[in-house]
Every structure is written in structure tokens, then in C-alpha cells.
Amino acid sequence: MWTLILNCGSSSVKFALLDPASGQVRLTGLAEKLGAGAEHAPPGTGATIRFEVDGERQHRPLTSGTYAEAFDAIGQRIRTLPDPPSIGAVGHRTVHGGTRFSGSVLITPEVLDAMRECIPLAPLHNPANIAGIEAAQAAFPGLPQVAVFDTAFHHTLPDVAARYAVPDTWYREYGVRRYGFHGTSHAYVARRAAPMLDRPLEDLNLITAHLGNGSSVCAVQGGQSVDTSMGLTPLEGLVMGTRSGDVDPGLHEFMHNTAGLTLEQVMTALNKHSGLKGLSGGLSNDMRELEEAAHSGHAAAQFALDAFVYRLAKYVAGMAVALGRVDGLVFTGGIGENSAYIRQRTVERLGVLGFHLDAEANANLPRGTRGLISAPGSIPVLVVTTNEELAIALETLRLVTGDPEDRPALTEEHPA
């Protein structure tokens with residue numbers, strides 16, 4: 001069943017057409033600069049859509065820059081493919097399901113209403129996800145559509161991992177707790193790691209590290225998330241591309257009192273101008289550029305890398321506490337899969353836990369491939385390529401075909 005996967009942001013749509021049974025991909029692409037003002041943008045600066053088919057890219061402008069126009073263009077392009085496949089379902093990557101969603105769901109009016117109730121938890125992401133779903137329903141009428149939530153995998157966090165030490169009423173009335181993100185990726189690579197270790201997932205305690213412009217680690221026990229580094233929002237946890245990760249909550253008041261910054265200005269700085277970009281003096285949030293600069297002697301770039309590794313290793317060690325026993329460490333994501341340097345430096349800091357790297361295996365692992373990179377006698381260290389589009393497609397297929405193991409994923413808990 002060919003499945004169209006959509007990841008709708010506030011100004012972009014990332015998409016892919018694939019067969020979840022075989023993993024075959026017929027089309028991928030990205031629509032950018034969507035939304036308000038797109039149709040009035042100067043020539044050459046407005047909304048565009050890019051298609052990639054068999055390694056060949058096509059790029060063209062969009063007139064109005066709406067979701068509807070983007071989806072119409074996607075539908076037209078699919079129809080012009082050689083032997084065009086028939087789309088059987090649409091799967092949506094959705095960000096925040098709060099406590100309402102413990103798994104993926106077929107999209108109904110009730111589901112959309114519950115997603116609207118979660119908007120305060122993700123005011124930038126959920127409105128865009130909802131708008132994209134509604135536009136896709138209009139563009140592809142009659143097709144079943146599925147929402148796959150980034151937060152759903154972490155619904156199994158025990159209270160000691162999920163709760164903040166804040167007034168109980170904040171939790172009870174407003175849903176202030178840790179939700180976690182990147183759940184689709186963490187779940188996918190944990191499942192892929194099990195056969196590499198020749199053990200059933202149910203018997204494994206894994207630490208998965210999804211490292212990219214957004215980064216998080218997760219403790220996966222028997223296939224379930226029991227702790228993770230991100231929290232109420234994706235800002236908590238590791239040093240990321242432009243996000244700060246953990247800071248003292250008192251920082252907000254301090255910057256207001258000393259620099260006159262508003263709450264909005266502080267949050268913008270922490271989300272868009274911090275992390276690797278901030279630590280490198282504004283040089284870059286791209287790990288490849290920072291590694292190259294550090295190799296050339298750029299002190300701030302080297303410091304950014306050191307801080308990234310230090311925070312990552314600390315969180316991996318913390319996940320070991322959550323698990324009690326660690327059977328493997330999995331690197332994934334753009335940085336985790338492709339940066340031998342970051343893997344090496346991180347594992348060096350984790351020797352106290354029994355992790356040791358095979359330097360040659362680590363350095364020579366081809367980009368975009370998976371493999372074991374630990375030394376003999378070490379707790380296994382693996383690189384596993386993530387594939388969130390395929391994971392969403394598999395979830396969509398499971399729900400659309402009525403898998404007997406499916407369970408209700410929309411809870412009756414507080415909408416937060």
C-alpha cells in the first residue's frame with residue numbers, strides 16, 4: 001500500500017511516497033516558504049517546491065504558497081511518475097500529543113479536536129500540523145489519514161521520570177510534565193538494533209542517541225521508553241544545533257533584570273541562537289562545518305564540540321541509571337550516523353560504564369550505513385540509520401489494515 005508521508009511545519013512541508021512493506025521510495029521532496037505573504041514575495045524569493053525522483057531533482061515556484069497548492073503539486077507529480085502508484089493512505093508526522101495520545105491514531109474530527117486542546121503545549125508546531133492535516137484531507141479525499149506523534153513513544157515514562165518537582169496543581173491542572181520527543185526515531189532504531197545484537201527487543205535495555213540539529217537520548221527497556229532527555233518542550237536536554245538544552249530556569253529572570261530582555265526575546269535566543277551556534281560564537285550550527293573549523297584551529301568551534309560531547313555523555317550515563325543494566329548504546333540521526341569524531345569523543349568519556357570503541361570500525365563505517373563499532377569485551381556500541389518516514393508509513397499501514405494488536409491511543413486523561 002503506497003503511503004504518502006507528510007511533515008507539515010509552519011512554513012514548509014517535507015514529503016515522501018513509499019511502500020511500507022518493501023521500503024521502496026518513489027518520490028521525496030520539500031515545499032518551502034509557505035504561508036502568509038508567500039504570494040506577494042519578490043520574484044525568486046517566494047514559495048517553492050522541490051521533487052526528487054531516482055536521484056534527479058526538480059524545482060519550481062509555487063504561486064500562492066498554501067498547503068493546498070503544495071499538495072496539489074505533489075498529487076500532480078505523483079500522477080506523472082512512470083507507472084504511477086495508487087496512494088492508499090496518508091501518514092502525518094505530528095509533534096505533540098500531550099497525555100491524550102499514547103500511540104498513533106486514525107484521524108477523525110475527535111482526534112483533531114484533541115490536537116487543538118494540546119496547542120498550548122506546542123504553539124508553534126500543533127497549529128501547523130492541524131492545518132496541514134485539514135489541507136491534506138481536502139486534497140486527498142476518501143483516503144485514510146493517520147497521525148503519528150513524536151511524544152507517543154514516551155507515554156510509558158514512569159512518574160519519577162516524567163514529573164517535575166513543581167507545585168502539584170501545575171501538573172494536575174496544566175499538564176506540566178516531561179513528554180519527550182523524537183519518539184518515532186527512538187522506537188525505530190531500538191527495533192532495528194535488536195537483530196544486530198541477536199537478541200529479542202523485549203530482553204534488551206538500550207540507550208538510543210538521536211543526534212541532529214535537534215538531539216535527544218532515550219532509555220529503552222524492553223522496547224518501551226522509560227526516560228528521555230527532552231521534556232515539556234524540545235528545548236530541554238542536550239546541546240543542540242541552535243537550542244541551548246538545559247539551563248537554570250532563573251536565567252530568564254536574570255536576563256530580564258540585567259539586560260532588559262522580554263520573555264519572548266529570551267526564548268527566541270534559547271531556541272534559535274544558542275546551542276552549537278551560540279557556543280561557536282555564531283559560526284555555525286552545522287556539525288560538519290564546526291568539525292572542519294575545529295580541525296583548522298578555530299577555538300570556539302572546538303569548544304562547541306567539547307560541550308556537545310560532555311552534555312551527551314552525561315545524559316547517556318544518566319540513562320544507565322534509569323535502565324539499571326545497559327545492553328547497548330545506539331547512535332543515530334544526521335550527527336550520530338555520520339560523525340565518527342563525535343562518536344569517538346563521546347564513548348571515550350563513557351569508559352567508566354564499560355563502553356570502549358573499535359577505532360578502526362568507527363572511522364571506517366561508511367556514511368548512511370549501520371554497524372557495530374565497539375571493541376571486543378565492550379558493551380555493544382552501534383550505529384543504526386534511522387528512517388522516520390518508513391516508521392510513520394509502517395504505523396499508518398498497521399492502523400489502516402486493522403492490526404489485531406492495535407489498541408486505543410486517544411486517552412480520556414487531561415487534554416494537556
# chains A, B, ... in the order shown; residues from 1 in each chain; ligands from 1
>>> select_by_dssp(residues="region 109-291 of chain A", states="helix (DSSP H, G or I)", output="PyMOL selection string")
chain A and resi 109-117+119-121+126-139+152-156+159-162+168-174+183-196+201-203+251-259+263-272+275-279+287-291
>>> atom_distance(atom1="CA of Asp246 (chain A)", atom2="CA of Gly354 (chain A)")
26.2 Å
>>> closest_residue(among="A:Ala47, A:His96, A:Tyr188, A:Gly142", to="Ala393 (chain A)", atoms="only C-alpha atoms")
A:Tyr188
>>> residues_around(residues="His154 (chain A)", least_positions_apart="2", cutoff="8 Å", atoms="only C-alpha atoms", output="VMD selection string")
chain A and resid 151 to 152 156 to 157 179 to 181 183 224 to 228
>>> write_last_selection(atoms="N, CA, C and O atoms", output="mmCIF file, in the first residue's frame")
data_model
loop_
_atom_site.group_PDB
_atom_site.id
_atom_site.type_symbol
_atom_site.label_atom_id
_atom_site.label_comp_id
_atom_site.auth_asym_id
_atom_site.auth_seq_id
_atom_site.Cartn_x
_atom_site.Cartn_y
_atom_site.Cartn_z
ATOM 1 N N THR A 151 5.619 12.402 20.565
ATOM 2 C CA THR A 151 5.584 12.199 22.013
ATOM 3 C C THR A 151 5.040 10.840 22.432
ATOM 4 O O THR A 151 5.221 10.431 23.584
ATOM 5 N N ALA A 152 4.349 10.136 21.525
ATOM 6 C CA ALA A 152 3.586 8.950 21.931
ATOM 7 C C ALA A 152 4.465 7.844 22.514
ATOM 8 O O ALA A 152 4.077 7.178 23.476
ATOM 9 N N THR A 156 5.070 5.873 28.099
ATOM 10 C CA THR A 156 5.339 4.852 29.117
ATOM 11 C C THR A 156 6.319 5.319 30.193
ATOM 12 O O THR A 156 6.678 4.528 31.075
ATOM 13 N N LEU A 157 6.764 6.578 30.139
ATOM 14 C CA LEU A 157 7.663 7.074 31.185
ATOM 15 C C LEU A 157 7.018 6.925 32.553
ATOM 16 O O LEU A 157 5.865 7.323 32.749
ATOM 17 N N TYR A 179 7.411 15.244 28.443
ATOM 18 C CA TYR A 179 6.742 14.456 27.405
ATOM 19 C C TYR A 179 7.726 13.729 26.494
ATOM 20 O O TYR A 179 7.468 12.615 26.060
ATOM 21 N N GLY A 180 8.876 14.363 26.193
ATOM 22 C CA GLY A 180 9.844 13.740 25.300
ATOM 23 C C GLY A 180 9.448 13.867 23.841
ATOM 24 O O GLY A 180 8.273 14.039 23.518
ATOM 25 N N PHE A 181 10.444 13.774 22.960
ATOM 26 C CA PHE A 181 10.225 13.910 21.519
ATOM 27 C C PHE A 181 11.131 12.928 20.782
ATOM 28 O O PHE A 181 11.813 12.122 21.398
ATOM 29 N N GLY A 183 10.255 10.406 19.399
ATOM 30 C CA GLY A 183 9.850 9.054 19.761
ATOM 31 C C GLY A 183 9.818 8.090 18.596
ATOM 32 O O GLY A 183 10.159 6.910 18.746
ATOM 33 N N GLN A 224 10.217 -0.229 25.399
ATOM 34 C CA GLN A 224 9.437 0.900 25.893
ATOM 35 C C GLN A 224 10.349 1.994 26.439
ATOM 36 O O GLN A 224 11.380 1.715 27.054
ATOM 37 N N SER A 225 9.943 3.236 26.219
ATOM 38 C CA SER A 225 10.695 4.368 26.738
ATOM 39 C C SER A 225 10.465 4.502 28.236
ATOM 40 O O SER A 225 9.325 4.548 28.699
ATOM 41 N N VAL A 226 11.571 4.575 28.996
ATOM 42 C CA VAL A 226 11.456 4.759 30.442
ATOM 43 C C VAL A 226 12.106 6.054 30.915
ATOM 44 O O VAL A 226 11.947 6.446 32.067
ATOM 45 N N ASP A 227 12.841 6.721 30.039
ATOM 46 C CA ASP A 227 13.361 8.061 30.332
ATOM 47 C C ASP A 227 13.890 8.652 29.040
ATOM 48 O O ASP A 227 14.229 7.918 28.097
ATOM 49 N N THR A 228 13.954 9.964 28.981
ATOM 50 C CA THR A 228 14.449 10.646 27.793
ATOM 51 C C THR A 228 14.922 12.034 28.195
ATOM 52 O O THR A 228 14.584 12.524 29.278
#
>>> select_by_dssp(residues="region 194-276 of chain A", states="strand (DSSP E)", output="number ranges by chain")
A: 205-210, 216-221, 224-228
>>> closest_residue(among="A:Lys14, A:Arg77, A:His59, A:Arg345", to="Arg26 (chain A)", atoms="only C-alpha atoms")
A:Arg77
>>> residues_around(residues="Val25 (chain A)", least_positions_apart="3", cutoff="10 Å", atoms="only C-alpha atoms", output="PyMOL selection string")
chain A and resi 2-3+16-20+22+28+53-54+389-390
>>> closest_residue(among="A:Gly336, A:Pro376, A:Gly328, A:Gly275", to="Leu204 (chain A)", atoms="only C-alpha atoms")
A:Gly328
>>> atom_distance(atom1="CA of Glu348 (chain A)", atom2="CA of Met240 (chain A)")
20.1 Å
>>> closest_residue(among="A:Asp113, A:Glu360, A:Glu69, A:Glu173", to="Ala136 (chain A)", atoms="only C-alpha atoms")
A:Glu69
